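S.K.: One structure, as structure tokens, below. Some questions next.
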Amino acid sequence: ENVPASWSGREHPAASDARSMSSPSRAPVLLVLLGVVVAMLPGCDSRVEPPPIRILAASSLESVAISNPAHGSREVSVGASSVLAMQLIAGAPADVVLLADPLWMDELEAEGVVDAGSRVEIARNRLVLAVPLGEGTPSGDGIPAGRLAIAEPRHVPLGRYTIEALRSLGWWTSLEDRVVLASDAGAVLALVESGEVDAGVVYASDARRSRRIEVVRILDESLHRPIRCEAARISDRDSAGAFIDRLLKPAGRAMVETLGFQAPGNPERRNGHE
């Protein structure tokens, strides 16, 4: 087939355009455009949120765990100090632990679970005798009538402090057959609030946040061991240390007192206890 002379030695315009589009000089531009499109797609944000800080807190210290400002999210699990300690010894994952009794923190330190250098007293608490709202006051001798709710004394710090106080008052013999045992501090409060018992011994911090009970007596601190609440770091995450550090600052201590606790007797990092 004869080719027109005017086309001799010339490339078809379409072929020239196709080659220019595939030229290496255009590749960087295409890659940049592709990157912009990918970045705009949902779920393709390059910023990765850190995992939440994991906090195990005695039930009486739940308010401290959730009120302490923290950067990022947090997961808070609550329970009796003894139960939390056993979970940690068994290998439960956590970053920070808040307990209501130094004896259980001693166990964790002996097992090498907590960073002993991070262990610190963050607050103190009081015991109060409370009754359902509108139920009046105890008898003239102060001994509550009817059924009395207390925390289980073998494993729950509140229960141990309560037994110490009741024995010091000379009340235990007359109350022993009328006590109702509860699994932790929150359970004692719930029994009093619901009216299922006539009275209960609860922490002052728990009584302060309840609108369904009234305090009829504040038990003297000399009746039992000091109620010292401690925090310690489990992991080496920076957020764990920062969480505890905030509790030691003036704003953190003010927050703790607002929640019904007393200021710590010795808010310094330490090993062991008094």
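Letters A, B, ... mark the chains of the structure tokens in the order given; residue numbers begin at 1 per chain; ligand numbers begin at 1, in order shown.
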Considering only C-alpha atoms, tabulate each residue of range 115-185 of chain A that lies at most 9 Å from range 249-264 of chain A along with its nearest interatomic pair and the corresponding distance in Å to one decimal; arrange the rows by chain and ascending residue number and present them as CSV.
M.R.:
```
residue,atom,partner,partner_atom,distance
A:Glu121,CA,A:Pro264,CA,6.0
A:Ile122,CA,A:Pro264,CA,5.4
A:Ala123,CA,A:Pro264,CA,4.1
A:Arg124,CA,A:Gln262,CA,4.9
A:Asn125,CA,A:Phe261,CA,5.3
A:Arg126,CA,A:Phe261,CA,7.8
```
S.K.: Could you name the residues that touch range 53-67 of chain A at 8 Å or less, counting only C-alpha atoms, but leaving out those on the same chain fewer than 4 positions away, as a ChimeraX atom specification?
M.R.: /A:72-81,84,93-100,184-186,203,205-206,239-240,255-256,259
S.K.: Write out as an mmCIF file with all heavy atoms, in the first residue's frame all residues of range 36-222 of chain A that DSSP puts in strand (DSSP E or B) for this structure's backbone.
M.R.:
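Once everything was written out, this is out-v7.cif:
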```cif
data_model
loop_
_atom_site.group_PDB
_atom_site.id
_atom_site.type_symbol
_atom_site.label_atom_id
_atom_site.label_comp_id
_atom_site.auth_asym_id
_atom_site.auth_seq_id
_atom_site.Cartn_x
_atom_site.Cartn_y
_atom_site.Cartn_z
ATOM 1 N N ILE A 53 -5.052 3.609 78.454
ATOM 2 C CA ILE A 53 -4.356 3.230 79.672
ATOM 3 C C ILE A 53 -5.285 2.328 80.475
ATOM 4 O O ILE A 53 -6.475 2.603 80.626
ATOM 5 C CB ILE A 53 -3.951 4.480 80.488
ATOM 6 C CG1 ILE A 53 -3.210 4.063 81.767
ATOM 7 C CG2 ILE A 53 -5.145 5.350 80.813
ATOM 8 C CD1 ILE A 53 -2.637 5.240 82.537
ATOM 9 N N ARG A 54 -4.758 1.212 80.969
ATOM 10 C CA ARG A 54 -5.551 0.215 81.679
ATOM 11 C C ARG A 54 -5.338 0.376 83.178
ATOM 12 O O ARG A 54 -4.224 0.235 83.671
ATOM 13 C CB ARG A 54 -5.152 -1.193 81.231
ATOM 14 C CG ARG A 54 -5.362 -1.453 79.742
ATOM 15 C CD ARG A 54 -4.559 -2.633 79.260
ATOM 16 N NE ARG A 54 -3.126 -2.397 79.439
ATOM 17 C CZ ARG A 54 -2.167 -3.251 79.067
ATOM 18 N NH1 ARG A 54 -2.504 -4.399 78.512
ATOM 19 N NH2 ARG A 54 -0.907 -2.964 79.265
ATOM 20 N N ILE A 55 -6.435 0.665 83.893
ATOM 21 C CA ILE A 55 -6.370 0.948 85.324
ATOM 22 C C ILE A 55 -7.216 -0.067 86.085
ATOM 23 O O ILE A 55 -8.385 -0.269 85.758
ATOM 24 C CB ILE A 55 -6.887 2.369 85.630
ATOM 25 C CG1 ILE A 55 -6.097 3.405 84.816
ATOM 26 C CG2 ILE A 55 -6.791 2.670 87.119
ATOM 27 C CD1 ILE A 55 -6.716 4.781 84.839
ATOM 28 N N LEU A 56 -6.625 -0.702 87.076
ATOM 29 C CA LEU A 56 -7.369 -1.551 88.004
ATOM 30 C C LEU A 56 -7.499 -0.772 89.310
ATOM 31 O O LEU A 56 -6.491 -0.350 89.878
ATOM 32 C CB LEU A 56 -6.652 -2.881 88.249
ATOM 33 C CG LEU A 56 -6.484 -3.825 87.045
ATOM 34 C CD1 LEU A 56 -5.937 -5.165 87.503
ATOM 35 C CD2 LEU A 56 -7.797 -4.015 86.311
ATOM 36 N N ALA A 57 -8.728 -0.564 89.772
ATOM 37 C CA ALA A 57 -8.958 0.267 90.953
ATOM 38 C C ALA A 57 -9.870 -0.428 91.947
ATOM 39 O O ALA A 57 -10.865 -1.047 91.562
ATOM 40 C CB ALA A 57 -9.573 1.609 90.541
ATOM 41 N N ALA A 58 -9.514 -0.316 93.230
ATOM 42 C CA ALA A 58 -10.430 -0.765 94.277
ATOM 43 C C ALA A 58 -11.748 -0.029 94.082
ATOM 44 O O ALA A 58 -11.770 1.127 93.653
ATOM 45 C CB ALA A 58 -9.836 -0.461 95.646
ATOM 46 N N ARG A 74 -9.076 5.608 78.455
ATOM 47 C CA ARG A 74 -8.680 4.725 79.550
ATOM 48 C C ARG A 74 -9.709 3.628 79.713
ATOM 49 O O ARG A 74 -10.875 3.783 79.365
ATOM 50 C CB ARG A 74 -8.523 5.511 80.845
ATOM 51 C CG ARG A 74 -9.834 5.896 81.492
ATOM 52 C CD ARG A 74 -9.628 6.838 82.662
ATOM 53 N NE ARG A 74 -9.514 8.194 82.195
ATOM 54 C CZ ARG A 74 -9.347 9.254 82.979
ATOM 55 N NH1 ARG A 74 -9.256 9.086 84.283
ATOM 56 N NH2 ARG A 74 -9.240 10.457 82.494
ATOM 57 N N GLU A 75 -9.257 2.516 80.258
ATOM 58 C CA GLU A 75 -10.136 1.403 80.610
ATOM 59 C C GLU A 75 -9.996 1.168 82.101
ATOM 60 O O GLU A 75 -8.898 0.914 82.590
ATOM 61 C CB GLU A 75 -9.745 0.133 79.843
ATOM 62 C CG GLU A 75 -9.951 0.213 78.335
ATOM 63 C CD GLU A 75 -9.486 -1.045 77.622
ATOM 64 O OE1 GLU A 75 -8.893 -1.917 78.302
ATOM 65 O OE2 GLU A 75 -9.693 -1.148 76.405
ATOM 66 N N VAL A 76 -11.092 1.270 82.835
ATOM 67 C CA VAL A 76 -11.061 1.137 84.286
ATOM 68 C C VAL A 76 -11.843 -0.099 84.698
ATOM 69 O O VAL A 76 -13.013 -0.261 84.331
ATOM 70 C CB VAL A 76 -11.659 2.376 84.976
ATOM 71 C CG1 VAL A 76 -11.645 2.196 86.495
ATOM 72 C CG2 VAL A 76 -10.891 3.638 84.577
ATOM 73 N N SER A 77 -11.193 -0.982 85.440
ATOM 74 C CA SER A 77 -11.838 -2.166 86.008
ATOM 75 C C SER A 77 -11.792 -2.033 87.520
ATOM 76 O O SER A 77 -10.750 -1.684 88.080
ATOM 77 C CB SER A 77 -11.124 -3.453 85.572
ATOM 78 O OG SER A 77 -11.163 -3.592 84.160
ATOM 79 N N VAL A 78 -12.917 -2.299 88.194
ATOM 80 C CA VAL A 78 -12.978 -2.124 89.647
ATOM 81 C C VAL A 78 -13.330 -3.434 90.336
ATOM 82 O O VAL A 78 -13.912 -4.341 89.729
ATOM 83 C CB VAL A 78 -14.001 -1.034 90.032
ATOM 84 C CG1 VAL A 78 -13.636 0.292 89.414
ATOM 85 C CG2 VAL A 78 -15.412 -1.436 89.610
ATOM 86 N N GLY A 79 -12.971 -3.512 91.619
ATOM 87 C CA GLY A 79 -13.262 -4.703 92.412
ATOM 88 C C GLY A 79 -12.612 -4.573 93.766
ATOM 89 O O GLY A 79 -12.005 -3.549 94.090
ATOM 90 N N VAL A 96 -1.745 0.648 85.567
ATOM 91 C CA VAL A 96 -1.758 1.297 86.878
ATOM 92 C C VAL A 96 -2.713 0.530 87.779
ATOM 93 O O VAL A 96 -3.747 0.024 87.329
ATOM 94 C CB VAL A 96 -2.220 2.767 86.772
ATOM 95 C CG1 VAL A 96 -2.377 3.394 88.154
ATOM 96 C CG2 VAL A 96 -1.242 3.583 85.933
ATOM 97 N N VAL A 97 -2.379 0.458 89.072
ATOM 98 C CA VAL A 97 -3.277 -0.155 90.053
ATOM 99 C C VAL A 97 -3.477 0.815 91.207
ATOM 100 O O VAL A 97 -2.530 1.476 91.654
ATOM 101 C CB VAL A 97 -2.743 -1.510 90.556
ATOM 102 C CG1 VAL A 97 -1.400 -1.352 91.248
ATOM 103 C CG2 VAL A 97 -3.751 -2.179 91.481
ATOM 104 N N LEU A 98 -4.726 0.935 91.674
ATOM 105 C CA LEU A 98 -5.083 1.755 92.827
ATOM 106 C C LEU A 98 -5.725 0.840 93.863
ATOM 107 O O LEU A 98 -6.763 0.231 93.594
ATOM 108 C CB LEU A 98 -6.085 2.852 92.435
ATOM 109 C CG LEU A 98 -5.742 3.747 91.235
ATOM 110 C CD1 LEU A 98 -6.893 4.718 90.976
ATOM 111 C CD2 LEU A 98 -4.450 4.499 91.459
ATOM 112 N N LEU A 99 -5.120 0.742 95.046
ATOM 113 C CA LEU A 99 -5.626 -0.160 96.080
ATOM 114 C C LEU A 99 -5.916 0.598 97.371
ATOM 115 O O LEU A 99 -5.309 1.637 97.653
ATOM 116 C CB LEU A 99 -4.628 -1.281 96.358
ATOM 117 C CG LEU A 99 -4.304 -2.223 95.186
ATOM 118 C CD1 LEU A 99 -3.351 -3.320 95.646
ATOM 119 C CD2 LEU A 99 -5.570 -2.825 94.589
ATOM 120 N N VAL A 120 3.037 4.912 95.696
ATOM 121 C CA VAL A 120 2.830 6.188 96.369
ATOM 122 C C VAL A 120 1.467 6.220 97.046
ATOM 123 O O VAL A 120 0.501 5.624 96.561
ATOM 124 C CB VAL A 120 2.941 7.350 95.351
ATOM 125 C CG1 VAL A 120 1.869 7.250 94.287
ATOM 126 C CG2 VAL A 120 2.888 8.698 96.025
ATOM 127 N N GLU A 121 1.395 6.887 98.189
ATOM 128 C CA GLU A 121 0.118 7.096 98.865
ATOM 129 C C GLU A 121 -0.582 8.277 98.221
ATOM 130 O O GLU A 121 -0.010 9.376 98.122
ATOM 131 C CB GLU A 121 0.339 7.357 100.352
ATOM 132 C CG GLU A 121 -0.966 7.529 101.140
ATOM 133 C CD GLU A 121 -0.724 7.773 102.617
ATOM 134 O OE1 GLU A 121 0.145 7.082 103.198
ATOM 135 O OE2 GLU A 121 -1.385 8.658 103.186
ATOM 136 N N ILE A 122 -1.821 8.080 97.785
ATOM 137 C CA ILE A 122 -2.529 9.138 97.077
ATOM 138 C C ILE A 122 -3.669 9.749 97.898
ATOM 139 O O ILE A 122 -4.152 10.837 97.567
ATOM 140 C CB ILE A 122 -3.103 8.626 95.742
ATOM 141 C CG1 ILE A 122 -4.044 7.444 95.976
ATOM 142 C CG2 ILE A 122 -1.979 8.263 94.785
ATOM 143 C CD1 ILE A 122 -4.794 7.003 94.740
ATOM 144 N N ALA A 123 -4.118 9.060 98.963
ATOM 145 C CA ALA A 123 -5.231 9.583 99.754
ATOM 146 C C ALA A 123 -5.374 8.777 101.039
ATOM 147 O O ALA A 123 -4.794 7.691 101.179
ATOM 148 C CB ALA A 123 -6.534 9.522 98.960
ATOM 149 N N ARG A 124 -6.164 9.311 101.966
ATOM 150 C CA ARG A 124 -6.592 8.585 103.148
ATOM 151 C C ARG A 124 -8.114 8.653 103.228
ATOM 152 O O ARG A 124 -8.738 9.496 102.600
ATOM 153 C CB ARG A 124 -5.946 9.149 104.413
ATOM 154 C CG ARG A 124 -4.437 8.939 104.411
ATOM 155 C CD ARG A 124 -3.849 8.890 105.787
ATOM 156 N NE ARG A 124 -2.421 8.585 105.731
ATOM 157 C CZ ARG A 124 -1.688 8.260 106.792
ATOM 158 N NH1 ARG A 124 -2.250 8.183 107.997
ATOM 159 N NH2 ARG A 124 -0.404 7.990 106.660
ATOM 160 N N ASN A 125 -8.690 7.729 104.000
ATOM 161 C CA ASN A 125 -10.135 7.659 104.065
ATOM 162 C C ASN A 125 -10.583 7.497 105.513
ATOM 163 O O ASN A 125 -9.754 7.270 106.402
ATOM 164 C CB ASN A 125 -10.656 6.506 103.199
ATOM 165 C CG ASN A 125 -11.960 6.840 102.501
ATOM 166 O OD1 ASN A 125 -12.738 7.685 102.957
ATOM 167 N ND2 ASN A 125 -12.229 6.167 101.386
ATOM 168 N N LEU A 127 -13.957 5.863 108.147
ATOM 169 C CA LEU A 127 -15.115 4.983 108.247
ATOM 170 C C LEU A 127 -16.289 5.757 108.837
ATOM 171 O O LEU A 127 -16.108 6.563 109.764
ATOM 172 C CB LEU A 127 -14.821 3.784 109.158
ATOM 173 C CG LEU A 127 -13.750 2.791 108.723
ATOM 174 C CD1 LEU A 127 -13.684 1.639 109.730
ATOM 175 C CD2 LEU A 127 -14.015 2.266 107.325
ATOM 176 N N VAL A 128 -17.478 5.504 108.319
ATOM 177 C CA VAL A 128 -18.679 6.127 108.873
ATOM 178 C C VAL A 128 -19.769 5.068 109.008
ATOM 179 O O VAL A 128 -19.802 4.079 108.259
ATOM 180 C CB VAL A 128 -19.195 7.296 108.004
ATOM 181 C CG1 VAL A 128 -18.138 8.376 107.884
ATOM 182 C CG2 VAL A 128 -19.629 6.808 106.632
ATOM 183 N N LEU A 129 -20.644 5.280 109.978
ATOM 184 C CA LEU A 129 -21.829 4.438 110.132
ATOM 185 C C LEU A 129 -22.975 5.144 109.423
ATOM 186 O O LEU A 129 -23.272 6.312 109.725
ATOM 187 C CB LEU A 129 -22.154 4.236 111.610
ATOM 188 C CG LEU A 129 -23.390 3.385 111.928
ATOM 189 C CD1 LEU A 129 -23.199 1.950 111.450
ATOM 190 C CD2 LEU A 129 -23.685 3.415 113.431
ATOM 191 N N ALA A 130 -23.593 4.466 108.471
ATOM 192 C CA ALA A 130 -24.636 5.079 107.659
ATOM 193 C C ALA A 130 -25.916 4.259 107.718
ATOM 194 O O ALA A 130 -25.885 3.039 107.921
ATOM 195 C CB ALA A 130 -24.172 5.203 106.212
ATOM 196 N N VAL A 131 -27.047 4.942 107.533
ATOM 197 C CA VAL A 131 -28.350 4.281 107.503
ATOM 198 C C VAL A 131 -29.087 4.764 106.256
ATOM 199 O O VAL A 131 -28.730 5.800 105.681
ATOM 200 C CB VAL A 131 -29.180 4.620 108.766
ATOM 201 C CG1 VAL A 131 -28.481 4.110 110.017
ATOM 202 C CG2 VAL A 131 -29.460 6.115 108.855
ATOM 203 N N PRO A 132 -30.103 4.022 105.809
ATOM 204 C CA PRO A 132 -30.903 4.496 104.678
ATOM 205 C C PRO A 132 -31.499 5.866 104.982
ATOM 206 O O PRO A 132 -31.850 6.159 106.129
ATOM 207 C CB PRO A 132 -31.984 3.422 104.530
ATOM 208 C CG PRO A 132 -31.380 2.190 105.131
ATOM 209 C CD PRO A 132 -30.541 2.688 106.267
ATOM 210 N N LEU A 148 -26.681 -5.223 110.079
ATOM 211 C CA LEU A 148 -25.585 -4.308 109.753
ATOM 212 C C LEU A 148 -24.768 -4.873 108.595
ATOM 213 O O LEU A 148 -24.264 -5.997 108.671
ATOM 214 C CB LEU A 148 -24.679 -4.106 110.974
ATOM 215 C CG LEU A 148 -23.440 -3.241 110.746
ATOM 216 C CD1 LEU A 148 -23.826 -1.774 110.625
ATOM 217 C CD2 LEU A 148 -22.428 -3.440 111.886
ATOM 218 N N ALA A 149 -24.613 -4.098 107.530
ATOM 219 C CA ALA A 149 -23.800 -4.522 106.391
ATOM 220 C C ALA A 149 -22.351 -4.112 106.607
ATOM 221 O O ALA A 149 -22.057 -2.975 106.971
ATOM 222 C CB ALA A 149 -24.330 -3.901 105.098
ATOM 223 N N ILE A 150 -21.458 -5.083 106.412
ATOM 224 C CA ILE A 150 -20.023 -4.790 106.438
ATOM 225 C C ILE A 150 -19.368 -5.546 105.281
ATOM 226 O O ILE A 150 -19.920 -6.515 104.770
ATOM 227 C CB ILE A 150 -19.361 -5.198 107.775
ATOM 228 C CG1 ILE A 150 -19.332 -6.723 107.924
ATOM 229 C CG2 ILE A 150 -20.069 -4.545 108.957
ATOM 230 C CD1 ILE A 150 -18.506 -7.202 109.120
ATOM 231 N N ALA A 151 -18.217 -5.085 104.875
ATOM 232 C CA ALA A 151 -17.480 -5.786 103.826
ATOM 233 C C ALA A 151 -16.855 -7.059 104.389
ATOM 234 O O ALA A 151 -16.540 -7.140 105.580
ATOM 235 C CB ALA A 151 -16.404 -4.878 103.245
ATOM 236 N N VAL A 179 -24.657 -9.359 111.274
ATOM 237 C CA VAL A 179 -23.961 -8.725 110.152
ATOM 238 C C VAL A 179 -24.342 -9.400 108.830
ATOM 239 O O VAL A 179 -24.628 -10.594 108.777
ATOM 240 C CB VAL A 179 -22.433 -8.764 110.329
ATOM 241 C CG1 VAL A 179 -22.008 -8.000 111.575
ATOM 242 C CG2 VAL A 179 -21.914 -10.186 110.354
ATOM 243 N N VAL A 180 -24.344 -8.600 107.796
ATOM 244 C CA VAL A 180 -24.544 -9.071 106.423
ATOM 245 C C VAL A 180 -23.265 -8.753 105.664
ATOM 246 O O VAL A 180 -22.871 -7.584 105.564
ATOM 247 C CB VAL A 180 -25.742 -8.373 105.752
ATOM 248 C CG1 VAL A 180 -25.889 -8.831 104.300
ATOM 249 C CG2 VAL A 180 -27.019 -8.636 106.532
ATOM 250 N N LEU A 181 -22.592 -9.799 105.163
ATOM 251 C CA LEU A 181 -21.313 -9.605 104.494
ATOM 252 C C LEU A 181 -21.511 -9.232 103.032
ATOM 253 O O LEU A 181 -22.347 -9.806 102.334
ATOM 254 C CB LEU A 181 -20.459 -10.868 104.596
ATOM 255 C CG LEU A 181 -20.073 -11.319 106.007
ATOM 256 C CD1 LEU A 181 -19.232 -12.587 105.945
ATOM 257 C CD2 LEU A 181 -19.325 -10.211 106.743
ATOM 258 N N ALA A 182 -20.730 -8.275 102.570
ATOM 259 C CA ALA A 182 -20.787 -7.822 101.177
ATOM 260 C C ALA A 182 -19.431 -8.031 100.526
ATOM 261 O O ALA A 182 -18.393 -8.066 101.195
ATOM 262 C CB ALA A 182 -21.188 -6.354 101.103
ATOM 263 N N ALA A 199 -28.354 -0.665 108.636
ATOM 264 C CA ALA A 199 -27.201 0.229 108.721
ATOM 265 C C ALA A 199 -26.011 -0.452 108.052
ATOM 266 O O ALA A 199 -26.052 -1.651 107.731
ATOM 267 C CB ALA A 199 -26.879 0.581 110.177
ATOM 268 N N GLY A 200 -24.955 0.300 107.864
ATOM 269 C CA GLY A 200 -23.748 -0.267 107.277
ATOM 270 C C GLY A 200 -22.554 0.610 107.579
ATOM 271 O O GLY A 200 -22.696 1.821 107.833
ATOM 272 N N VAL A 201 -21.377 0.003 107.584
ATOM 273 C CA VAL A 201 -20.138 0.757 107.763
ATOM 274 C C VAL A 201 -19.517 0.932 106.383
ATOM 275 O O VAL A 201 -19.173 -0.057 105.718
ATOM 276 C CB VAL A 201 -19.162 0.039 108.710
ATOM 277 C CG1 VAL A 201 -17.866 0.841 108.843
ATOM 278 C CG2 VAL A 201 -19.803 -0.167 110.083
ATOM 279 N N VAL A 202 -19.403 2.180 105.962
ATOM 280 C CA VAL A 202 -18.899 2.487 104.621
ATOM 281 C C VAL A 202 -17.776 3.499 104.720
ATOM 282 O O VAL A 202 -17.546 4.109 105.772
ATOM 283 C CB VAL A 202 -20.027 3.030 103.714
ATOM 284 C CG1 VAL A 202 -21.157 2.020 103.586
ATOM 285 C CG2 VAL A 202 -20.564 4.359 104.237
ATOM 286 N N TYR A 203 -17.086 3.679 103.616
ATOM 287 C CA TYR A 203 -16.063 4.716 103.551
ATOM 288 C C TYR A 203 -16.734 6.091 103.489
ATOM 289 O O TYR A 203 -17.796 6.258 102.869
ATOM 290 C CB TYR A 203 -15.187 4.543 102.322
ATOM 291 C CG TYR A 203 -14.188 3.410 102.398
ATOM 292 C CD1 TYR A 203 -14.145 2.430 101.409
ATOM 293 C CD2 TYR A 203 -13.255 3.342 103.437
ATOM 294 C CE1 TYR A 203 -13.215 1.405 101.454
ATOM 295 C CE2 TYR A 203 -12.320 2.319 103.488
ATOM 296 C CZ TYR A 203 -12.304 1.356 102.492
ATOM 297 O OH TYR A 203 -11.381 0.333 102.543
ATOM 298 N N ILE A 213 -28.396 7.802 101.477
ATOM 299 C CA ILE A 213 -28.048 7.393 102.836
ATOM 300 C C ILE A 213 -27.762 8.631 103.670
ATOM 301 O O ILE A 213 -27.583 9.734 103.129
ATOM 302 C CB ILE A 213 -26.817 6.459 102.874
ATOM 303 C CG1 ILE A 213 -25.550 7.219 102.438
ATOM 304 C CG2 ILE A 213 -27.022 5.243 101.993
ATOM 305 C CD1 ILE A 213 -24.274 6.442 102.638
ATOM 306 N N GLU A 214 -27.715 8.449 104.962
ATOM 307 C CA GLU A 214 -27.284 9.533 105.835
ATOM 308 C C GLU A 214 -26.289 8.987 106.859
ATOM 309 O O GLU A 214 -26.425 7.851 107.337
ATOM 310 C CB GLU A 214 -28.454 10.206 106.525
ATOM 311 C CG GLU A 214 -29.371 9.309 107.316
ATOM 312 C CD GLU A 214 -30.539 10.076 107.901
ATOM 313 O OE1 GLU A 214 -30.294 11.083 108.611
ATOM 314 O OE2 GLU A 214 -31.695 9.687 107.647
ATOM 315 N N VAL A 215 -25.299 9.779 107.150
ATOM 316 C CA VAL A 215 -24.261 9.384 108.099
ATOM 317 C C VAL A 215 -24.723 9.724 109.510
ATOM 318 O O VAL A 215 -25.094 10.874 109.791
ATOM 319 C CB VAL A 215 -22.934 10.097 107.778
ATOM 320 C CG1 VAL A 215 -21.893 9.804 108.862
ATOM 321 C CG2 VAL A 215 -22.416 9.664 106.414
ATOM 322 N N VAL A 216 -24.707 8.727 110.389
ATOM 323 C CA VAL A 216 -25.139 8.945 111.769
ATOM 324 C C VAL A 216 -23.959 8.950 112.749
ATOM 325 O O VAL A 216 -24.112 9.355 113.903
ATOM 326 C CB VAL A 216 -26.174 7.888 112.212
ATOM 327 C CG1 VAL A 216 -27.454 8.035 111.399
ATOM 328 C CG2 VAL A 216 -25.617 6.480 112.071
ATOM 329 N N ARG A 217 -22.797 8.498 112.258
ATOM 330 C CA ARG A 217 -21.625 8.539 113.132
ATOM 331 C C ARG A 217 -20.362 8.429 112.293
ATOM 332 O O ARG A 217 -20.284 7.620 111.362
ATOM 333 C CB ARG A 217 -21.655 7.404 114.158
ATOM 334 C CG ARG A 217 -20.425 7.370 115.068
ATOM 335 C CD ARG A 217 -20.637 6.462 116.254
ATOM 336 N NE ARG A 217 -19.471 6.451 117.135
ATOM 337 C CZ ARG A 217 -19.485 6.005 118.376
ATOM 338 N NH1 ARG A 217 -20.611 5.531 118.908
ATOM 339 N NH2 ARG A 217 -18.394 6.012 119.113
ATOM 340 N N ILE A 218 -19.372 9.254 112.609
ATOM 341 C CA ILE A 218 -18.044 9.145 112.003
ATOM 342 C C ILE A 218 -17.166 8.413 113.008
ATOM 343 O O ILE A 218 -17.007 8.862 114.157
ATOM 344 C CB ILE A 218 -17.453 10.530 111.684
ATOM 345 C CG1 ILE A 218 -18.355 11.285 110.693
ATOM 346 C CG2 ILE A 218 -16.044 10.390 111.112
ATOM 347 C CD1 ILE A 218 -17.913 12.714 110.434
#
```
S.K.: For range 112-114 of chain A, list every protein, DNA or RNA residue within 10 Å, evaluated using only C-alpha atoms, and leave out those in the same chain fewer than 4 positions away; present the list as a CSV table (one decimal) with C-alpha atoms, in the first residue's frame.
M.R.:
```csv
chain,number,residue,atom,x,y,z
A,85,ALA,CA,-4.2,-8.2,93.5
A,88,LEU,CA,-2.4,-9.1,88.7
A,89,ILE,CA,-0.4,-11.8,90.2
A,90,ALA,CA,-2.0,-14.3,87.8
A,91,GLY,CA,-0.9,-12.1,84.9
A,95,ASP,CA,-0.8,-0.2,83.5
A,96,VAL,CA,-1.8,1.3,86.9
A,97,VAL,CA,-3.3,-0.2,90.1
A,105,MET,CA,0.3,-3.6,97.5
A,106,ASP,CA,3.0,-5.3,99.6
A,107,GLU,CA,1.9,-8.6,98.1
A,108,LEU,CA,2.2,-7.2,94.6
A,118,SER,CA,6.4,4.2,91.6
A,119,ARG,CA,4.4,3.2,94.7
A,231,ALA,CA,-1.2,3.8,93.5
A,232,ALA,CA,1.6,2.0,91.6
A,233,ARG,CA,2.7,1.6,88.0
A,234,ILE,CA,2.5,-1.9,86.5
A,235,SER,CA,3.8,-1.2,83.0
```
S.K.: What residues in range 141-205 of chain A get the DSSP label helix (DSSP H, G or I)? Please answer as a PyMOL selection string.
M.R.: chain A and resi 157-169+172-178+185-194+204-205
S.K.: Do you have the CA of Trp172 in chain A-CA of Glu152 in chain A distance handy?
M.R.: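 So the answer is 14.4 Å.
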S.K.: One decimal, in Å: what's the spacing between CA of Val192 in chain A and CA of Leu219 in chain A?
M.R.: 17.1 Å
S.K.: Quote the spacing between CA of His224 in chain A and CA of Ala116 in chain A in Å to one decimal place.
M.R.: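 Computing it gives 25.8 Å between the two atoms.
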